[in-house]
Number of protein chains: 2
Amino acid sequence: MLVHASRSTRARSQTVERAALILTCFTSEEPHLGLPALAAKLGLNQSTAYRYVASLQRAGLLSRDDRRGGYRLGLRLIELAGIALNQIEVRKHALDEMDKLRDGVSLLVNLAVLLEGDVLHLAHSAPRALPRMYTALGRRAVAHCTALGKVLLAHRPWDEVRQLIERYGWRPYTEHSIRELGRLQTELQGIRERGYAVDKEERRRDVVCLAAPIRDYSGSVVAALSVSGRKARMTPERQRQLLPRVLEAANRISFRLGFHGNAAYL
Amino acid sequence: MLVHASRSTRARSQTVERAALILTCFTSEEPHLGLPALAAKLGLNQSTAYRYVASLQRAGLLSRDDRRGGYRLGLRLIELAGIALNQIEVRKHALDEMDKLRDGVSLLVNLAVLLEGDVLHLAHSAPRALPRMYTALGRRAVAHCTALGKVLLAHRPWDEVRQLIERYGWRPYTEHSIRELGRLQTELQGIRERGYAVDKEERRRDVVCLAAPIRDYSGSVVAALSVSGRKARMTPERQRQLLPRVLEAANRISFRLGFHGNAAYL
DNA sequence: ATTGGTACTTGCACATATTGAAACTCGGGC
DNA sequence: GCCCGAGTTTCAATATGTGCAAGTACCAAT
């Protein structure tokens, strides 16, 4: 059995870590930061921040915003992300199945994994009708408020889930979002038993999702697949029709990843 | 006239730059590297490389490949790239127009910018018929062998173009790819005069592309738009029909970026 | 089981590259 | 013309990163 979860290794470089922190200061909410803001955010001396930023810029990881001043994330990241994406085994196998599923159900299909307890979107397949999406790719969402996230959390140790909530709080999106440990635990338990998760407007009003887990050769859940649509179109009856199709697609992907077993024991 | 091309600033951090170099060691061709390989590639002591890698890993910029050993680019990059993408003004405005153009012509539509002399794909809009693409997003291509790239190069100073060729060589893709400075110069000149570029199987056999420049408020060419299709479908006649549509779409995007002038003087 | 090889990991003494304070430049708004 | 904030540079002090060399864990071939 593998021991190393996420190596804590005491080998590290302060400089590299602080430079990496600079990158993670940029978020969807604050995609544009000045030197003083960055320095303040990380408690760095402005000189230090400056030198980091200058070097990150040379590497294309950061770039200046000539119009407004300040910095934003650089084009190099887009290139690197492209390479990273193509390395993700599950995504490679999922794309075809996602398109097939989308054609079958005419709904938005999403693929996601867990990153630091949040949902990270790796791909989507949208029916022609839908208005073009802002880049769903790389979008991050609170896990316990989405079907995708709940499926992924359901297959993590409860302790880990609890710690995440403690650390980040509930961060609810709508009035339907879960906000109690007890309810979350029951919900996750149910998801494990049923083999899928439902999101009834917990993420966004008027949007309902169904999600199923994807497993790799070893049986661990490495990703989740979902379909989502407006509430009006996602009647209980429609959901009953949808469910087997989502599960089948997810299972097909798992199969392609080398999972041939029965997941019941997990 | 703007003076600062890419600030040379002598402020820099060796450590940060070397760490960034580690990331750029990973390419589509070598997306998976071990510690010794990385250290060798950059001429670093293995201990040093190790400490960098350990820190990059903590930041999620790198991750281990548990099955094969070695490292690959991390999920964090996908999140960051998503943020970076949404910051790109031209992309925001282009998406709608690209979808409209695609619907009009039923061909693959692409948007790209120049990154270090190469073409970097920022978005695409594919007709339903096309088989799902491997992530075109973030894909990099040799500029002078593609319509997109030639349009972008045509609006850079010739000296810069020449230096790029000198530095990286011709890197041809097919037997039609340009491989002489003289021919390239004539080609770029023609593109500036005509206002569009054509790629006749220079990038891939059997694929023909048409590309047009996109300008921002200041009149500089910041991106390029293209349509591409199989040779058989891109007859000279079809190209004549296509051309005005591509140009119109590109101009519309330029307009939305605040370019209302006449580009003739540039 | 034993061996050898490879990739990864750590400890330590040295000195180099990073650090922070303070001062300077530049440009925009008042 | 003056002020202010963002970005940039300098320089001495030293924390930080460095390379070597030894150590561990794993795999695969004996």
# chains A, B, ... in the order shown; residues from 1 in each chain; ligands from 1

$ interface_residues --of "chain C" --to "chain B" --cutoff "12 Å" --atoms "only C-alpha atoms (C1' of nucleotides)" --output "list in words"
DT6, DA7, DC8, DT9, DT10, DG11, DT16, DA17, DT18 and DT19 of chain C

$ interface_residues --of "chain D" --to "chain B" --cutoff "10 Å" --atoms "only C-alpha atoms (C1' of nucleotides)" --output "ChimeraX atom specification"
/D:8-9,17-20

$ write_last_selection --atoms "N, CA, C and O atoms (P, O5', C5', C4', C3', O3' and C1' of nucleotides)" --output "mmCIF file, in the first residue's frame"
data_model
loop_
_atom_site.group_PDB
_atom_site.id
_atom_site.type_symbol
_atom_site.label_atom_id
_atom_site.label_comp_id
_atom_site.auth_asym_id
_atom_site.auth_seq_id
_atom_site.Cartn_x
_atom_site.Cartn_y
_atom_site.Cartn_z
ATOM 1 P P DT D 8 8.654 48.560 -13.139
ATOM 2 O "O5'" DT D 8 9.978 49.102 -12.439
ATOM 3 C "C5'" DT D 8 10.522 50.361 -12.876
ATOM 4 C "C4'" DT D 8 11.701 50.741 -12.014
ATOM 5 C "C3'" DT D 8 12.777 49.655 -11.878
ATOM 6 O "O3'" DT D 8 13.882 50.074 -12.656
ATOM 7 C "C1'" DT D 8 12.404 50.841 -9.839
ATOM 8 P P DT D 9 15.212 49.143 -12.708
ATOM 9 O "O5'" DT D 9 16.052 49.714 -11.479
ATOM 10 C "C5'" DT D 9 16.595 51.028 -11.563
ATOM 11 C "C4'" DT D 9 17.335 51.355 -10.278
ATOM 12 C "C3'" DT D 9 18.479 50.390 -9.942
ATOM 13 O "O3'" DT D 9 19.691 51.142 -9.946
ATOM 14 C "C1'" DT D 9 17.140 50.879 -8.023
ATOM 15 P P DG D 17 15.523 30.083 0.012
ATOM 16 O "O5'" DG D 17 16.832 29.697 -0.792
ATOM 17 C "C5'" DG D 17 17.270 30.569 -1.812
ATOM 18 C "C4'" DG D 17 18.604 30.097 -2.331
ATOM 19 C "C3'" DG D 17 18.547 28.763 -3.077
ATOM 20 O "O3'" DG D 17 19.377 28.886 -4.220
ATOM 21 C "C1'" DG D 17 20.086 28.618 -1.302
ATOM 22 P P DT D 18 19.558 27.687 -5.224
ATOM 23 O "O5'" DT D 18 20.965 27.087 -4.774
ATOM 24 C "C5'" DT D 18 22.148 27.854 -5.043
ATOM 25 C "C4'" DT D 18 23.374 27.070 -4.608
ATOM 26 C "C3'" DT D 18 23.377 25.651 -5.152
ATOM 27 O "O3'" DT D 18 24.307 25.614 -6.231
ATOM 28 C "C1'" DT D 18 23.993 25.743 -2.817
ATOM 29 P P DG D 19 24.346 24.360 -7.218
ATOM 30 O "O5'" DG D 19 25.431 23.398 -6.574
ATOM 31 C "C5'" DG D 19 26.733 23.903 -6.337
ATOM 32 C "C4'" DG D 19 27.534 22.855 -5.583
ATOM 33 C "C3'" DG D 19 27.492 21.471 -6.233
ATOM 34 O "O3'" DG D 19 28.821 20.971 -6.258
ATOM 35 C "C1'" DG D 19 26.691 21.348 -3.986
ATOM 36 P P DC D 20 29.215 19.645 -6.976
ATOM 37 O "O5'" DC D 20 29.616 18.698 -5.755
ATOM 38 C "C5'" DC D 20 30.451 19.210 -4.721
ATOM 39 C "C4'" DC D 20 30.351 18.322 -3.487
ATOM 40 C "C3'" DC D 20 30.393 16.826 -3.798
ATOM 41 O "O3'" DC D 20 31.436 16.250 -3.026
ATOM 42 C "C1'" DC D 20 28.595 17.331 -2.334
#

$ calpha_fit_and_write --fixed "chain B" --moving "chain A" --output "compact mmCIF listing (two decimals) with C-alpha atoms, in the first residue's frame"
# COMPACT_ATOMS: atom_id res chain seq x y z
CA MET A 1 5.14 57.09 -27.31
CA LEU A 2 5.77 54.17 -25.04
CA VAL A 3 9.40 53.31 -24.70
CA HIS A 4 9.44 50.08 -22.78
CA ALA A 5 9.15 47.14 -25.18
CA SER A 6 9.82 44.31 -22.78
CA ARG A 7 11.66 45.73 -19.83
CA SER A 8 15.02 44.20 -19.47
CA THR A 9 15.22 45.41 -15.86
CA ARG A 10 18.24 44.05 -14.05
CA ALA A 11 16.12 43.24 -11.04
CA ARG A 12 15.58 39.54 -10.96
CA SER A 13 15.69 36.51 -8.83
CA GLN A 14 17.79 33.64 -10.02
CA THR A 15 15.76 31.20 -8.02
CA VAL A 16 12.43 32.33 -9.40
CA GLU A 17 13.73 32.25 -12.92
CA ARG A 18 15.16 28.80 -12.60
CA ALA A 19 11.96 27.54 -11.04
CA ALA A 20 10.01 28.99 -13.95
CA LEU A 21 12.40 27.26 -16.32
CA ILE A 22 11.50 23.98 -14.73
CA LEU A 23 7.91 24.50 -15.77
CA THR A 24 8.86 25.32 -19.32
CA CYS A 25 10.84 22.10 -19.60
CA PHE A 26 7.54 20.28 -19.95
CA THR A 27 6.28 20.26 -23.53
CA SER A 28 3.75 18.35 -25.58
CA GLU A 29 6.57 16.12 -26.71
CA GLU A 30 7.97 15.61 -23.23
CA PRO A 31 5.11 16.09 -20.81
CA HIS A 32 6.63 13.79 -18.26
CA LEU A 33 10.09 14.22 -16.77
CA GLY A 34 12.09 12.76 -13.93
CA LEU A 35 14.31 14.62 -11.54
CA PRO A 36 17.61 13.68 -13.20
CA ALA A 37 16.26 14.68 -16.62
CA LEU A 38 15.10 18.06 -15.33
CA ALA A 39 18.36 18.75 -13.57
CA ALA A 40 20.34 17.81 -16.66
CA LYS A 41 18.18 19.90 -18.96
CA LEU A 42 18.81 23.05 -16.97
CA GLY A 43 22.30 22.22 -15.80
CA LEU A 44 21.17 22.29 -12.21
CA ASN A 45 22.46 20.25 -9.36
CA GLN A 46 19.98 17.53 -8.63
CA SER A 47 19.55 18.70 -5.05
CA THR A 48 18.61 22.14 -6.25
CA ALA A 49 16.21 20.80 -8.82
CA TYR A 50 14.71 18.62 -6.16
CA ARG A 51 13.99 21.50 -3.84
CA TYR A 52 12.45 23.54 -6.64
CA VAL A 53 10.30 20.65 -7.71
CA ALA A 54 9.18 20.00 -4.15
CA SER A 55 8.06 23.59 -3.77
CA LEU A 56 6.37 23.74 -7.15
CA GLN A 57 4.53 20.63 -6.19
CA ARG A 58 3.25 22.13 -2.97
CA ALA A 59 1.90 24.99 -5.01
CA GLY A 60 0.11 22.59 -7.35
CA LEU A 61 2.10 23.77 -10.33
CA LEU A 62 3.70 20.36 -10.67
CA SER A 63 2.47 16.96 -9.67
CA ARG A 64 3.92 13.51 -9.40
CA ASP A 65 2.94 10.78 -11.75
CA ASP A 66 2.20 8.02 -9.29
CA ARG A 67 2.06 5.31 -11.88
CA ARG A 68 5.15 5.99 -13.89
CA GLY A 69 7.16 8.05 -11.43
CA GLY A 70 8.50 11.42 -12.44
CA TYR A 71 6.62 14.68 -12.63
CA ARG A 72 4.13 16.45 -14.83
CA LEU A 73 2.45 19.83 -14.89
CA GLY A 74 -0.08 20.36 -12.13
CA LEU A 75 -3.78 21.09 -11.99
CA ARG A 76 -3.15 24.52 -10.57
CA LEU A 77 -2.00 25.60 -14.00
CA ILE A 78 -5.41 24.81 -15.40
CA GLU A 79 -7.06 26.99 -12.84
CA LEU A 80 -4.64 29.83 -13.45
CA ALA A 81 -4.99 29.54 -17.20
CA GLY A 82 -8.75 29.82 -16.84
CA ILE A 83 -8.31 33.10 -15.03
CA ALA A 84 -5.74 34.31 -17.54
CA LEU A 85 -8.02 33.46 -20.47
CA ASN A 86 -10.91 35.44 -19.09
CA GLN A 87 -8.66 38.46 -18.82
CA ILE A 88 -7.86 38.53 -22.48
CA GLU A 89 -9.93 41.32 -23.89
CA VAL A 90 -9.79 40.17 -27.48
CA ARG A 91 -10.96 36.68 -26.62
CA LYS A 92 -13.99 37.93 -24.76
CA HIS A 93 -15.13 39.91 -27.74
CA ALA A 94 -14.15 37.28 -30.28
CA LEU A 95 -16.11 34.32 -28.93
CA ASP A 96 -19.53 35.45 -30.13
CA GLU A 97 -18.28 36.46 -33.53
CA MET A 98 -16.43 33.19 -33.89
CA ASP A 99 -19.55 31.18 -33.25
CA LYS A 100 -21.49 33.28 -35.71
CA LEU A 101 -18.81 32.82 -38.32
CA ARG A 102 -18.69 29.09 -37.71
CA ASP A 103 -22.44 28.85 -38.12
CA GLY A 104 -22.18 30.80 -41.35
CA VAL A 105 -19.41 28.81 -42.98
CA SER A 106 -19.47 25.43 -41.19
CA LEU A 107 -15.73 25.40 -40.86
CA LEU A 108 -13.35 25.36 -37.95
CA VAL A 109 -12.71 28.89 -36.66
CA ASN A 110 -9.60 29.74 -34.66
CA LEU A 111 -8.30 32.66 -32.63
CA ALA A 112 -4.62 33.07 -31.88
CA VAL A 113 -1.95 35.47 -30.69
CA LEU A 114 1.83 35.51 -30.88
CA LEU A 115 3.85 34.19 -27.95
CA GLU A 116 7.58 34.39 -28.33
CA GLY A 117 7.27 34.22 -32.07
CA ASP A 118 5.01 31.19 -32.07
CA VAL A 119 1.28 30.98 -32.61
CA LEU A 120 -0.69 30.43 -29.42
CA HIS A 121 -4.28 29.27 -29.84
CA LEU A 122 -6.69 31.06 -27.53
CA ALA A 123 -10.05 29.72 -28.68
CA HIS A 124 -11.78 27.81 -31.39
CA SER A 125 -15.29 27.24 -32.57
CA ALA A 126 -15.89 23.92 -34.26
CA PRO A 127 -18.83 22.83 -36.41
CA ARG A 128 -20.74 19.95 -34.91
CA ALA A 129 -19.61 17.60 -37.66
CA LEU A 130 -15.94 17.77 -36.74
CA PRO A 131 -14.57 15.09 -34.47
CA ARG A 132 -13.75 16.44 -31.04
CA MET A 133 -10.41 18.19 -30.98
CA TYR A 134 -7.61 17.46 -28.67
CA THR A 135 -7.20 20.67 -26.67
CA ALA A 136 -6.44 23.24 -29.29
CA LEU A 137 -6.37 25.67 -26.45
CA GLY A 138 -2.83 26.53 -25.59
CA ARG A 139 -1.49 24.77 -28.62
CA ARG A 140 1.61 26.30 -30.08
CA ALA A 141 2.57 26.27 -33.72
CA VAL A 142 5.38 27.62 -35.87
CA ALA A 143 4.18 31.00 -37.03
CA HIS A 144 5.47 31.17 -40.58
CA CYS A 145 3.80 27.90 -41.55
CA THR A 146 0.24 28.89 -40.72
CA ALA A 147 -2.20 31.50 -41.94
CA LEU A 148 -2.74 32.76 -38.41
CA GLY A 149 0.96 33.02 -37.80
CA LYS A 150 1.71 34.75 -41.06
CA VAL A 151 -0.91 37.40 -40.39
CA LEU A 152 0.57 38.01 -36.98
CA LEU A 153 4.15 38.09 -38.24
CA ALA A 154 3.21 40.38 -41.11
CA HIS A 155 2.42 43.07 -38.59
CA ARG A 156 5.62 42.76 -36.62
CA PRO A 157 8.83 44.58 -37.57
CA TRP A 158 10.74 42.58 -40.17
CA ASP A 159 13.84 42.57 -37.99
CA GLU A 160 12.01 40.78 -35.26
CA VAL A 161 10.73 38.18 -37.72
CA ARG A 162 14.19 37.64 -39.15
CA GLN A 163 15.66 37.16 -35.70
CA LEU A 164 13.05 34.58 -34.84
CA ILE A 165 13.89 32.55 -37.91
CA GLU A 166 17.58 32.83 -37.18
CA ARG A 167 17.06 31.73 -33.65
CA TYR A 168 14.74 28.82 -34.20
CA GLY A 169 15.33 27.80 -37.81
CA TRP A 170 12.59 27.01 -40.30
CA ARG A 171 10.96 24.06 -38.60
CA PRO A 172 8.84 23.21 -41.67
CA TYR A 173 5.72 21.08 -41.26
CA THR A 174 5.12 20.01 -44.87
CA GLU A 175 6.79 20.30 -48.24
CA HIS A 176 4.80 23.48 -48.83
CA SER A 177 6.13 25.28 -45.76
CA ILE A 178 8.15 28.38 -46.49
CA ARG A 179 11.90 27.95 -45.99
CA GLU A 180 13.51 31.04 -47.44
CA LEU A 181 13.78 34.52 -46.03
CA GLY A 182 13.10 36.09 -49.42
CA ARG A 183 9.89 34.20 -49.97
CA LEU A 184 8.73 34.90 -46.43
CA GLN A 185 9.36 38.60 -46.81
CA THR A 186 7.39 38.75 -50.05
CA GLU A 187 4.62 36.72 -48.49
CA LEU A 188 4.33 38.98 -45.46
CA GLN A 189 4.42 42.05 -47.66
CA GLY A 190 1.55 40.62 -49.70
CA ILE A 191 -0.42 39.85 -46.56
CA ARG A 192 -0.11 43.42 -45.32
CA GLU A 193 -1.32 44.72 -48.68
CA ARG A 194 -4.19 42.27 -49.13
CA GLY A 195 -5.21 42.28 -45.48
CA TYR A 196 -5.36 38.51 -45.09
CA ALA A 197 -3.22 35.38 -45.28
CA VAL A 198 -3.70 32.00 -46.90
CA ASP A 199 -2.14 28.74 -45.82
CA LYS A 200 -2.13 26.17 -48.62
CA GLU A 201 -1.09 22.99 -46.87
CA GLU A 202 1.89 24.66 -45.28
CA ARG A 203 0.93 23.45 -41.86
CA ARG A 204 -0.79 20.18 -42.66
CA ARG A 205 -1.32 18.35 -45.85
CA ASP A 206 -4.87 18.63 -47.11
CA VAL A 207 -5.70 21.58 -44.85
CA VAL A 208 -6.18 25.10 -46.18
CA CYS A 209 -6.69 28.18 -43.99
CA LEU A 210 -7.65 31.81 -44.37
CA ALA A 211 -6.72 34.30 -41.68
CA ALA A 212 -7.32 37.99 -40.97
CA PRO A 213 -5.84 40.39 -38.42
CA ILE A 214 -7.63 41.80 -35.39
CA ARG A 215 -6.64 45.25 -34.11
CA ASP A 216 -7.13 46.95 -30.78
CA TYR A 217 -8.05 50.55 -30.09
CA SER A 218 -4.53 51.69 -30.89
CA GLY A 219 -4.52 50.05 -34.30
CA SER A 220 -1.93 47.40 -33.52
CA VAL A 221 -2.63 43.85 -34.53
CA VAL A 222 -3.16 41.90 -31.32
CA ALA A 223 -4.64 38.68 -32.62
CA ALA A 224 -5.73 36.83 -35.73
CA LEU A 225 -8.84 34.96 -36.78
CA SER A 226 -8.91 32.03 -39.19
CA VAL A 227 -11.14 29.46 -40.82
CA SER A 228 -9.75 26.14 -41.97
CA GLY A 229 -10.97 23.19 -43.93
CA ARG A 230 -10.02 20.23 -46.08
CA LYS A 231 -8.43 21.13 -49.39
CA ALA A 232 -11.23 19.61 -51.42
CA ARG A 233 -13.73 21.97 -49.84
CA MET A 234 -11.54 25.00 -50.07
CA THR A 235 -11.64 25.55 -53.82
CA PRO A 236 -10.49 28.96 -55.08
CA GLU A 237 -14.14 29.79 -55.59
CA ARG A 238 -15.09 28.81 -52.07
CA GLN A 239 -12.19 30.88 -50.78
CA ARG A 240 -13.54 33.91 -52.60
CA GLN A 241 -16.86 33.47 -50.83
CA LEU A 242 -15.22 32.86 -47.48
CA LEU A 243 -12.85 35.77 -47.54
CA PRO A 244 -15.30 38.62 -46.96
CA ARG A 245 -16.93 36.72 -44.13
CA VAL A 246 -13.65 36.16 -42.33
CA LEU A 247 -12.60 39.75 -42.84
CA GLU A 248 -15.94 41.02 -41.64
CA ALA A 249 -15.82 38.92 -38.50
CA ALA A 250 -12.28 40.07 -37.76
CA ASN A 251 -13.23 43.67 -38.33
CA ARG A 252 -16.23 43.37 -36.08
CA ILE A 253 -14.00 42.12 -33.31
CA SER A 254 -11.55 44.95 -33.93
CA PHE A 255 -14.44 47.37 -33.73
CA ARG A 256 -15.50 45.97 -30.40
CA LEU A 257 -11.94 46.48 -29.19
CA GLY A 258 -12.23 50.14 -29.97
CA PHE A 259 -10.60 50.18 -33.38
CA HIS A 260 -12.70 52.46 -35.51
CA GLY A 261 -10.03 53.72 -37.81
CA ASN A 262 -8.90 52.72 -41.21
CA ALA A 263 -5.97 50.35 -41.12
CA ALA A 264 -4.63 51.42 -44.48
CA TYR A 265 -1.89 53.57 -43.05
CA LEU A 266 -0.36 50.79 -41.01

$ select_by_dssp --residues "segment 58-133 of chain B" --states "strand (DSSP E)" --output "PyMOL selection string"
chain B and resi 62-64+71-73+108-115+118-125

$ write_last_selection --atoms "N, CA and C atoms" --output "tab-separated table (two decimals), in the first residue's frame"
chain	number	residue	atom	x	y	z
B	62	LEU	N	3.14	21.61	-10.16
B	62	LEU	CA	3.71	20.35	-10.65
B	62	LEU	C	3.05	19.24	-9.87
B	63	SER	N	2.94	18.06	-10.49
B	63	SER	CA	2.49	16.95	-9.66
B	63	SER	C	3.20	15.67	-10.07
B	64	ARG	N	3.26	14.77	-9.15
B	64	ARG	CA	3.93	13.51	-9.41
B	64	ARG	C	3.05	12.63	-10.26
B	71	TYR	N	7.54	13.57	-12.88
B	71	TYR	CA	6.63	14.68	-12.63
B	71	TYR	C	5.93	15.12	-13.90
B	72	ARG	N	4.79	15.78	-13.70
B	72	ARG	CA	4.15	16.47	-14.83
B	72	ARG	C	3.54	17.76	-14.35
B	73	LEU	N	3.01	18.54	-15.25
B	73	LEU	CA	2.45	19.83	-14.88
B	73	LEU	C	1.21	19.63	-14.02
B	108	LEU	N	-13.99	25.17	-39.23
B	108	LEU	CA	-13.34	25.39	-37.95
B	108	LEU	C	-12.81	26.82	-37.89
B	109	VAL	N	-13.16	27.53	-36.82
B	109	VAL	CA	-12.72	28.91	-36.65
B	109	VAL	C	-11.73	28.97	-35.49
B	110	ASN	N	-10.62	29.69	-35.68
B	110	ASN	CA	-9.60	29.76	-34.63
B	110	ASN	C	-9.19	31.19	-34.31
B	111	LEU	N	-8.84	31.38	-33.05
B	111	LEU	CA	-8.33	32.67	-32.61
B	111	LEU	C	-6.95	32.43	-31.99
B	112	ALA	N	-5.98	33.29	-32.36
B	112	ALA	CA	-4.64	33.08	-31.82
B	112	ALA	C	-3.89	34.39	-31.65
B	113	VAL	N	-2.88	34.35	-30.81
B	113	VAL	CA	-1.98	35.48	-30.63
B	113	VAL	C	-0.55	34.97	-30.77
B	114	LEU	N	0.38	35.88	-30.72
B	114	LEU	CA	1.79	35.53	-30.82
B	114	LEU	C	2.37	35.40	-29.41
B	115	LEU	N	3.08	34.32	-29.15
B	115	LEU	CA	3.81	34.19	-27.88
B	115	LEU	C	5.23	33.79	-28.21
B	118	ASP	N	5.80	32.35	-31.59
B	118	ASP	CA	4.98	31.21	-32.00
B	118	ASP	C	3.50	31.58	-31.91
B	119	VAL	N	2.70	30.79	-32.60
B	119	VAL	CA	1.26	31.00	-32.56
B	119	VAL	C	0.68	30.31	-31.33
B	120	LEU	N	-0.06	31.04	-30.54
B	120	LEU	CA	-0.71	30.44	-29.38
B	120	LEU	C	-2.22	30.51	-29.57
B	121	HIS	N	-2.86	29.34	-29.58
B	121	HIS	CA	-4.31	29.29	-29.80
B	121	HIS	C	-5.09	29.64	-28.55
B	122	LEU	N	-5.97	30.61	-28.68
B	122	LEU	CA	-6.72	31.06	-27.50
B	122	LEU	C	-8.15	30.56	-27.48
B	123	ALA	N	-8.68	30.21	-28.62
B	123	ALA	CA	-10.07	29.73	-28.66
B	123	ALA	C	-10.36	29.16	-30.03
B	124	HIS	N	-11.35	28.31	-30.09
B	124	HIS	CA	-11.78	27.82	-31.39
B	124	HIS	C	-13.28	27.58	-31.33
B	125	SER	N	-13.88	27.53	-32.49
B	125	SER	CA	-15.29	27.24	-32.59
B	125	SER	C	-15.44	26.22	-33.69

$ select_by_dssp --residues "segment 116-234 of chain A" --states "alpha helix (DSSP H)" --output "ChimeraX atom specification"
/A:147-154,158-168,181-194

$ residues_around --residues "DG28 of chain C" --least-positions-apart "4" --cutoff "12 Å" --atoms "only C-alpha atoms (C1' of nucleotides)" --output "number ranges by chain"
D: 2-6

$ atom_distance --atom1 "atom C1' of DT10 of chain D" --atom2 "atom C1' of DG27 of chain C"
22.4 Å

$ atom_distance --atom1 "atom C1' of DA13 of chain C" --atom2 "atom C1' of DA21 of chain D"
12.6 Å

$ atom_distance --atom1 "atom C1' of DG1 of chain D" --atom2 "atom C1' of DT25 of chain C"
17.4 Å
